[in-house]
file protein_6.cif (mmCIF, C-alpha atoms and all ligand atoms)
data_start
loop_
_atom_site.label_atom_id
_atom_site.label_comp_id
_atom_site.auth_asym_id
_atom_site.auth_seq_id
_atom_site.Cartn_x
_atom_site.Cartn_y
_atom_site.Cartn_z
CA MET X 1 11.96 -11.64 -1.20
CA LYS X 2 13.62 -9.70 -4.01
CA LEU X 3 11.25 -9.12 -6.93
CA VAL X 4 13.44 -7.07 -9.25
CA LYS X 5 16.39 -4.73 -8.92
CA ASN X 6 15.76 -2.70 -5.77
CA LEU X 7 12.20 -3.88 -5.09
CA TYR X 8 11.33 -6.40 -2.35
CA TYR X 9 8.03 -8.12 -1.53
CA TYR X 10 7.03 -9.51 1.88
CA PRO X 11 3.72 -11.44 1.75
CA GLU X 12 1.16 -11.02 4.52
CA LYS X 13 1.72 -13.35 7.46
CA GLY X 14 -1.76 -13.92 8.81
CA MET X 15 -5.18 -12.46 9.56
CA MET X 16 -5.31 -8.67 9.75
CA ASP X 17 -1.86 -8.32 8.22
CA CYS X 18 -0.97 -7.10 4.70
CA ASN X 19 1.72 -7.43 2.03
CA SER X 20 4.69 -5.13 2.64
CA TYR X 21 6.96 -3.69 -0.05
CA LEU X 22 10.43 -2.22 0.20
CA ILE X 23 12.20 -0.04 -2.33
CA LYS X 24 15.90 0.20 -1.62
CA ASP X 25 17.60 3.31 -2.95
CA LYS X 26 19.58 6.30 -1.64
CA LEU X 27 16.47 6.76 0.43
CA SER X 28 14.76 3.45 1.20
CA ILE X 29 11.04 3.20 1.84
CA LEU X 30 8.89 0.50 3.45
CA ILE X 31 5.30 0.66 2.28
CA ASP X 32 2.71 -0.82 4.68
CA PRO X 33 4.48 -2.47 7.64
CA GLY X 34 1.21 -4.30 8.38
CA ASN X 35 0.23 -5.58 11.81
CA SER X 36 2.75 -5.14 14.66
CA GLN X 37 1.92 -8.69 15.80
CA PHE X 38 3.80 -9.98 12.73
CA LEU X 39 6.64 -7.48 12.85
CA PRO X 40 9.23 -9.97 14.21
CA ALA X 41 8.56 -12.16 11.15
CA LEU X 42 8.92 -9.18 8.80
CA LEU X 43 12.21 -8.21 10.45
CA GLN X 44 13.40 -11.79 10.06
CA ASP X 45 12.50 -11.72 6.35
CA LEU X 46 14.46 -8.50 5.90
CA GLN X 47 17.42 -10.07 7.63
CA LYS X 48 17.25 -13.10 5.30
CA ASP X 49 17.54 -10.67 2.38
CA GLY X 50 20.54 -9.02 4.02
CA ILE X 51 18.67 -5.81 4.77
CA ASP X 52 19.41 -3.96 7.98
CA PRO X 53 16.19 -2.18 9.04
CA LYS X 54 18.36 0.72 10.19
CA THR X 55 19.03 1.49 6.49
CA ILE X 56 15.32 2.14 5.88
CA ASN X 57 14.53 5.85 5.97
CA ILE X 58 10.80 6.16 5.30
CA ILE X 59 7.57 4.42 6.24
CA MET X 60 4.40 5.17 4.27
CA ASN X 61 0.99 3.55 3.90
CA THR X 62 -1.25 2.92 0.91
CA HIS X 63 -4.21 3.71 3.19
CA LEU X 64 -4.96 3.88 6.87
CA HIS X 65 -6.83 0.69 7.71
CA GLY X 66 -5.22 -0.92 10.74
CA ASP X 67 -4.02 -4.02 8.89
CA HIS X 68 -1.69 -1.73 6.89
CA CYS X 69 -0.51 0.73 9.54
CA TRP X 70 -0.84 -0.82 13.02
CA GLY X 71 2.86 -1.72 12.73
CA ASN X 72 4.07 1.81 11.80
CA ASP X 73 5.25 2.81 15.26
CA ASP X 74 6.94 -0.49 16.07
CA PHE X 75 8.66 -0.56 12.70
CA LYS X 76 9.83 2.99 13.36
CA LYS X 77 11.29 1.84 16.68
CA ALA X 78 13.12 -1.03 14.98
CA SER X 79 14.45 1.04 12.08
CA GLY X 80 14.58 4.70 13.07
CA ALA X 81 12.66 5.49 9.85
CA GLU X 82 10.38 8.52 9.61
CA ILE X 83 6.66 8.03 9.16
CA LEU X 84 5.37 10.15 6.27
CA LEU X 85 1.69 10.77 5.79
CA HIS X 86 0.38 12.16 2.53
CA LYS X 87 -1.68 15.35 2.85
CA ILE X 88 -4.72 13.57 1.38
CA GLN X 89 -4.39 10.91 4.06
CA LYS X 90 -4.15 13.59 6.74
CA GLN X 91 -7.29 15.26 5.39
CA LEU X 92 -9.42 12.18 4.66
CA GLY X 93 -8.04 9.62 7.10
CA ASP X 94 -10.80 9.71 9.69
CA ALA X 95 -13.09 7.24 7.88
CA ALA X 96 -10.30 4.65 8.04
CA THR X 97 -8.75 5.36 11.42
CA THR X 98 -11.84 6.09 13.53
CA GLN X 99 -15.01 5.00 11.73
CA THR X 100 -13.73 1.73 10.29
CA SER X 101 -12.22 0.77 13.65
CA LYS X 102 -15.60 1.42 15.25
CA PHE X 103 -17.25 -0.66 12.48
CA PHE X 104 -15.04 -3.63 13.46
CA GLY X 105 -15.20 -2.90 17.21
CA VAL X 106 -11.43 -2.48 17.54
CA PRO X 107 -9.54 0.47 19.09
CA ALA X 108 -9.13 3.48 16.77
CA VAL X 109 -5.91 3.63 14.74
CA GLU X 110 -3.60 6.23 16.27
CA LEU X 111 -1.39 7.93 13.72
CA SER X 112 1.90 9.43 14.75
CA GLU X 113 3.41 10.81 11.58
CA ASP X 114 6.71 12.69 11.60
CA ARG X 115 5.91 14.66 8.49
CA VAL X 116 3.05 15.37 6.11
CA VAL X 117 3.95 15.35 2.41
CA ASP X 118 2.10 17.63 0.06
CA GLU X 119 3.96 16.79 -3.17
CA ASP X 120 2.60 14.46 -5.84
CA ARG X 121 5.90 12.53 -6.08
CA LEU X 122 8.85 11.42 -3.99
CA ASN X 123 12.36 11.02 -5.32
CA LEU X 124 14.33 8.22 -3.66
CA GLY X 125 17.50 8.54 -5.74
CA GLU X 126 17.23 6.30 -8.81
CA THR X 127 13.55 5.65 -8.29
CA GLU X 128 10.73 8.15 -8.34
CA ILE X 129 7.37 7.36 -6.79
CA GLU X 130 4.25 9.10 -8.07
CA PHE X 131 1.36 9.26 -5.62
CA ILE X 132 -1.94 8.49 -7.34
CA PRO X 133 -4.99 9.22 -5.17
CA SER X 134 -7.32 6.25 -5.69
CA PRO X 135 -10.45 6.49 -3.50
CA GLY X 136 -13.21 3.88 -3.47
CA HIS X 137 -12.05 1.23 -0.99
CA SER X 138 -11.19 4.06 1.41
CA PRO X 139 -11.19 7.82 0.69
CA GLU X 140 -7.50 8.34 1.56
CA SER X 141 -6.16 5.44 -0.57
CA ILE X 142 -3.05 6.28 -2.56
CA CYS X 143 -1.29 4.09 -5.11
CA PHE X 144 2.48 4.28 -5.45
CA TYR X 145 3.58 4.24 -9.10
CA CYS X 146 7.19 3.94 -10.31
CA ARG X 147 6.81 4.86 -13.96
CA GLN X 148 10.26 3.85 -15.15
CA GLU X 149 10.17 0.47 -13.40
CA LYS X 150 6.46 -0.06 -14.28
CA VAL X 151 5.63 -0.90 -10.68
CA LEU X 152 2.22 -0.15 -9.14
CA ILE X 153 1.78 -0.67 -5.40
CA CYS X 154 -1.99 -0.47 -5.17
CA GLY X 155 -3.03 -1.31 -1.59
CA ASP X 156 -6.61 -2.60 -1.39
CA VAL X 157 -7.83 -0.92 -4.59
CA ILE X 158 -7.21 -3.93 -6.89
CA PHE X 159 -6.25 -7.53 -6.18
CA ASN X 160 -5.49 -10.55 -8.31
CA GLN X 161 -8.97 -11.13 -9.87
CA ASN X 162 -10.80 -8.93 -7.39
CA THR X 163 -11.15 -5.41 -5.96
CA GLY X 164 -11.17 -4.03 -2.45
CA ARG X 165 -14.53 -3.92 -0.67
CA VAL X 166 -16.54 -0.71 -0.85
CA ASP X 167 -18.87 -1.19 2.12
CA LEU X 168 -16.55 0.17 4.82
CA PRO X 169 -16.95 3.78 6.08
CA GLY X 170 -15.99 6.22 3.31
CA GLY X 171 -16.13 3.50 0.65
CA SER X 172 -17.71 4.22 -2.74
CA ALA X 173 -18.30 1.87 -5.68
CA ASP X 174 -18.43 4.78 -8.14
CA GLN X 175 -15.12 6.17 -6.93
CA LEU X 176 -13.52 2.73 -7.04
CA LYS X 177 -14.64 2.26 -10.65
CA GLN X 178 -13.13 5.62 -11.61
CA SER X 179 -9.90 4.85 -9.74
CA ILE X 180 -9.54 1.46 -11.44
CA GLU X 181 -10.29 2.98 -14.86
CA ARG X 182 -7.49 5.53 -14.31
CA LEU X 183 -5.02 2.92 -13.05
CA SER X 184 -5.76 0.57 -15.95
CA ARG X 185 -4.27 3.14 -18.36
CA LEU X 186 -0.85 2.99 -16.71
CA ASP X 187 2.00 0.94 -18.08
CA VAL X 188 2.45 -1.76 -15.40
CA GLU X 189 4.65 -4.88 -15.22
CA TYR X 190 4.34 -5.44 -11.48
CA LEU X 191 0.90 -5.03 -9.90
CA LEU X 192 1.50 -5.23 -6.16
CA PRO X 193 -1.66 -5.38 -4.00
CA GLY X 194 -2.09 -5.16 -0.26
CA HIS X 195 -3.36 -8.75 0.05
CA MET X 196 -3.01 -12.11 -1.63
CA ASP X 197 -0.95 -12.70 -4.76
CA ILE X 198 0.93 -10.20 -6.86
CA VAL X 199 0.45 -10.04 -10.63
CA THR X 200 3.56 -9.86 -12.83
CA GLY X 201 4.04 -9.38 -16.56
CA ALA X 202 2.36 -6.64 -18.60
CA ASP X 203 -0.01 -9.12 -20.32
CA ASN X 204 -1.15 -10.65 -17.02
CA VAL X 205 -1.69 -7.20 -15.52
CA ARG X 206 -3.76 -6.12 -18.54
CA ARG X 207 -5.80 -9.34 -18.38
CA ASN X 208 -6.39 -8.78 -14.66
CA PHE X 209 -7.76 -5.28 -15.28
CA GLU X 210 -10.01 -6.67 -18.04
CA PHE X 211 -11.25 -9.49 -15.79
CA ILE X 212 -12.10 -7.00 -13.05
CA LYS X 213 -13.86 -4.63 -15.43
CA GLN X 214 -15.91 -7.46 -16.99
CA ASN X 215 -16.69 -9.56 -13.94
CA ILE X 216 -16.46 -7.45 -10.80
CA LEU X 217 -17.09 -3.74 -11.31
CA GLY X 218 -20.63 -4.23 -12.66
CA TYR X 219 -21.67 -5.97 -9.42
CA LEU X 220 -20.26 -3.50 -6.88
ZN ZN Z 1 -8.16 -1.64 3.49
ZN ZN Z 2 -6.05 -4.37 3.80
#

call {"tool": "encode", "arguments": {"input": "protein_6.cif", "output": "structure tokens"}}
result
Amino acid sequence: MKLVKNLYYYPEKGMMDCNSYLIKDKLSILIDPGNSQFLPALLQDLQKDGIDPKTINIIMNTHLHGDHCWGNDDFKKASGAEILLHKIQKQLGDAATTQTSKFFGVPAVELSEDRVVDEDRLNLGETEIEFIPSPGHSPESICFYCRQEKVLICGDVIFNQNTGRVDLPGGSADQLKQSIERLSRLDVEYLLPGHMDIVTGADNVRRNFEFIKQNILGYL
């Protein structure tokens, strides 16, 4: 579903899946393909929007919990896109890929990136993404911020009226509080989390940050 201009939103399709986001530009990126089990439905959604997966160049993840990246390889097969892993995710990914999988008793997440990116931003053409390291839910969590478009793709760091859990391996309430404090200072019109509803409109986004600070962060 088209949200604005070149930004598309595909809501999660079931248990252990996540919201996926597409930015269409000279280079197009799919953020968080989700669970491969639901990939046919995601491909169908893309088709409904007139998007040929073969025009998507890059796959990235907000963090490396399976519900966000189990579908990476299958989406790569369907699209021919490259899987990029941020250097921070390469360095700190073990808590999510190995330890969290063990915690849930599921097979470890196998990563098969084509390239590791070391930069703090990625230029897609018209759109520039800034990578904002945001640990707390998981140490390798990165938010994707498009400053000009006021879009923040935040993974499981913040939700509509909630935050990501901090009790999984590598999680930290203190780090999550600091991450949310930093993110709350950004100018955001579209707050796009990894699960449940999105939050749109600068006032609603600001109110959501205030709600979380007042009602959630003190109890983590
Ligand atoms: Zn997660
Ligand atoms: Zn998740």

call {"tool": "residues_near_ligand", "arguments": {"input": "protein_6.cif", "ligand": "ligand ZN 1 (chain Z)", "cutoff": "9 Å", "atoms": "all atoms listed in the file", "output": "VMD selection string"}}
result
chain X and resid 62 to 68 96 137 to 138 141 155 to 157 164 to 165 168 194

call {"tool": "write_last_selection", "arguments": {"input": "protein_6.cif", "atoms": "C-alpha atoms", "output": "mmCIF file, in the frame of the given file"}}
result
data_model
loop_
_atom_site.group_PDB
_atom_site.id
_atom_site.type_symbol
_atom_site.label_atom_id
_atom_site.label_comp_id
_atom_site.auth_asym_id
_atom_site.auth_seq_id
_atom_site.Cartn_x
_atom_site.Cartn_y
_atom_site.Cartn_z
ATOM 1 C CA THR X 62 -1.250 2.920 0.910
ATOM 2 C CA HIS X 63 -4.210 3.710 3.190
ATOM 3 C CA LEU X 64 -4.960 3.880 6.870
ATOM 4 C CA HIS X 65 -6.830 0.690 7.710
ATOM 5 C CA GLY X 66 -5.220 -0.920 10.740
ATOM 6 C CA ASP X 67 -4.020 -4.020 8.890
ATOM 7 C CA HIS X 68 -1.690 -1.730 6.890
ATOM 8 C CA ALA X 96 -10.300 4.650 8.040
ATOM 9 C CA HIS X 137 -12.050 1.230 -0.990
ATOM 10 C CA SER X 138 -11.190 4.060 1.410
ATOM 11 C CA SER X 141 -6.160 5.440 -0.570
ATOM 12 C CA GLY X 155 -3.030 -1.310 -1.590
ATOM 13 C CA ASP X 156 -6.610 -2.600 -1.390
ATOM 14 C CA VAL X 157 -7.830 -0.920 -4.590
ATOM 15 C CA GLY X 164 -11.170 -4.030 -2.450
ATOM 16 C CA ARG X 165 -14.530 -3.920 -0.670
ATOM 17 C CA LEU X 168 -16.550 0.170 4.820
ATOM 18 C CA GLY X 194 -2.090 -5.160 -0.260
#

call {"tool": "atom_distance", "arguments": {"input": "protein_6.cif", "atom1": "CA of Lys76 (chain X)", "atom2": "CA of Ile58 (chain X)"}}
result
8.7 Å

call {"tool": "residues_near_point", "arguments": {"input": "protein_6.cif", "point": "(7.0, -15.3, 10.7)", "cutoff": "7 Å", "atoms": "only C-alpha atoms", "output": "list in words"}}
result
Lys13, Phe38, Pro40, Ala41 and Leu42 of chain X

call {"tool": "atom_distance", "arguments": {"input": "protein_6.cif", "atom1": "CA of Arg121 (chain X)", "atom2": "CA of Gln89 (chain X)"}}
result
14.5 Å

call {"tool": "closest_residue", "arguments": {"input": "protein_6.cif", "among": "X:Asp114, X:Asp52, X:Glu130, X:Asp120", "to": "Leu186 (chain X)", "atoms": "all atoms listed in the file"}}
result
X:Glu130

call {"tool": "atom_distance", "arguments": {"input": "protein_6.cif", "atom1": "CA of Leu92 (chain X)", "atom2": "CA of Leu220 (chain X)"}}
result
22.3 Å

call {"tool": "residues_near_point", "arguments": {"input": "protein_6.cif", "point": "(3.2, 5.6, -12.7)", "cutoff": "8 Å", "atoms": "all atoms listed in the file", "output": "MDAnalysis selection string"}}
result
chainID X and resid 129:130 132 144:148 150:152 186:188

call {"tool": "closest_residue", "arguments": {"input": "protein_6.cif", "among": "X:Trp70, X:Tyr190, X:Phe131, X:Phe211", "to": "ligand ZN 2 (chain Z)", "atoms": "only C-alpha atoms and all ligand atoms"}}
result
X:Trp70

call {"tool": "residues_around", "arguments": {"input": "protein_6.cif", "residues": "Ala173 (chain X)", "least_positions_apart": "2", "cutoff": "6 Å", "atoms": "all atoms listed in the file", "output": "VMD selection string"}}
result
chain X and resid 136 166 175 to 176 220

call {"tool": "write_last_selection", "arguments": {"input": "protein_6.cif", "atoms": "C-alpha atoms", "output": "PDB file, keeping the file's coordinate frame"}}
result
ATOM      1  CA  GLY X 136     -13.210   3.880  -3.470  1.00  0.00           C
ATOM      2  CA  VAL X 166     -16.540  -0.710  -0.850  1.00  0.00           C
ATOM      3  CA  GLN X 175     -15.120   6.170  -6.930  1.00  0.00           C
ATOM      4  CA  LEU X 176     -13.520   2.730  -7.040  1.00  0.00           C
ATOM      5  CA  LEU X 220     -20.260  -3.500  -6.880  1.00  0.00           C
TER       6      LEU X 220
END

call {"tool": "residues_around", "arguments": {"input": "protein_6.cif", "residues": "Tyr8 (chain X)", "least_positions_apart": "3", "cutoff": "7 Å", "atoms": "all atoms listed in the file", "output": "list in words"}}
result
Met1, Lys2, Leu3, Tyr21, Leu22 and Ile23 of chain X

call {"tool": "closest_residue", "arguments": {"input": "protein_6.cif", "among": "X:Met16, X:Ile59, X:Leu217, X:Val117", "to": "Asp174 (chain X)", "atoms": "all atoms listed in the file"}}
result
X:Leu217

call {"tool": "closest_residue", "arguments": {"input": "protein_6.cif", "among": "X:Gly105, X:Gly34, X:Gly201, X:Pro139", "to": "ligand ZN 2 (chain Z)", "atoms": "all atoms listed in the file"}}
result
X:Gly34

call {"tool": "closest_residue", "arguments": {"input": "protein_6.cif", "among": "X:Gln37, X:Thr98, X:Asn61, X:Ser28", "to": "ligand ZN 2 (chain Z)", "atoms": "all atoms listed in the file"}}
result
X:Asn61

call {"tool": "axis_aligned_box", "arguments": {"input": "protein_6.cif", "around": "region 81-92 of chain X", "padding_each_side": "8 Å", "output": "AutoDock Vina command-line options"}}
result
--center_x 1.6 --center_y 10.4 --center_z 5.6 --size_x 38.1 --size_y 25.9 --size_z 24.5
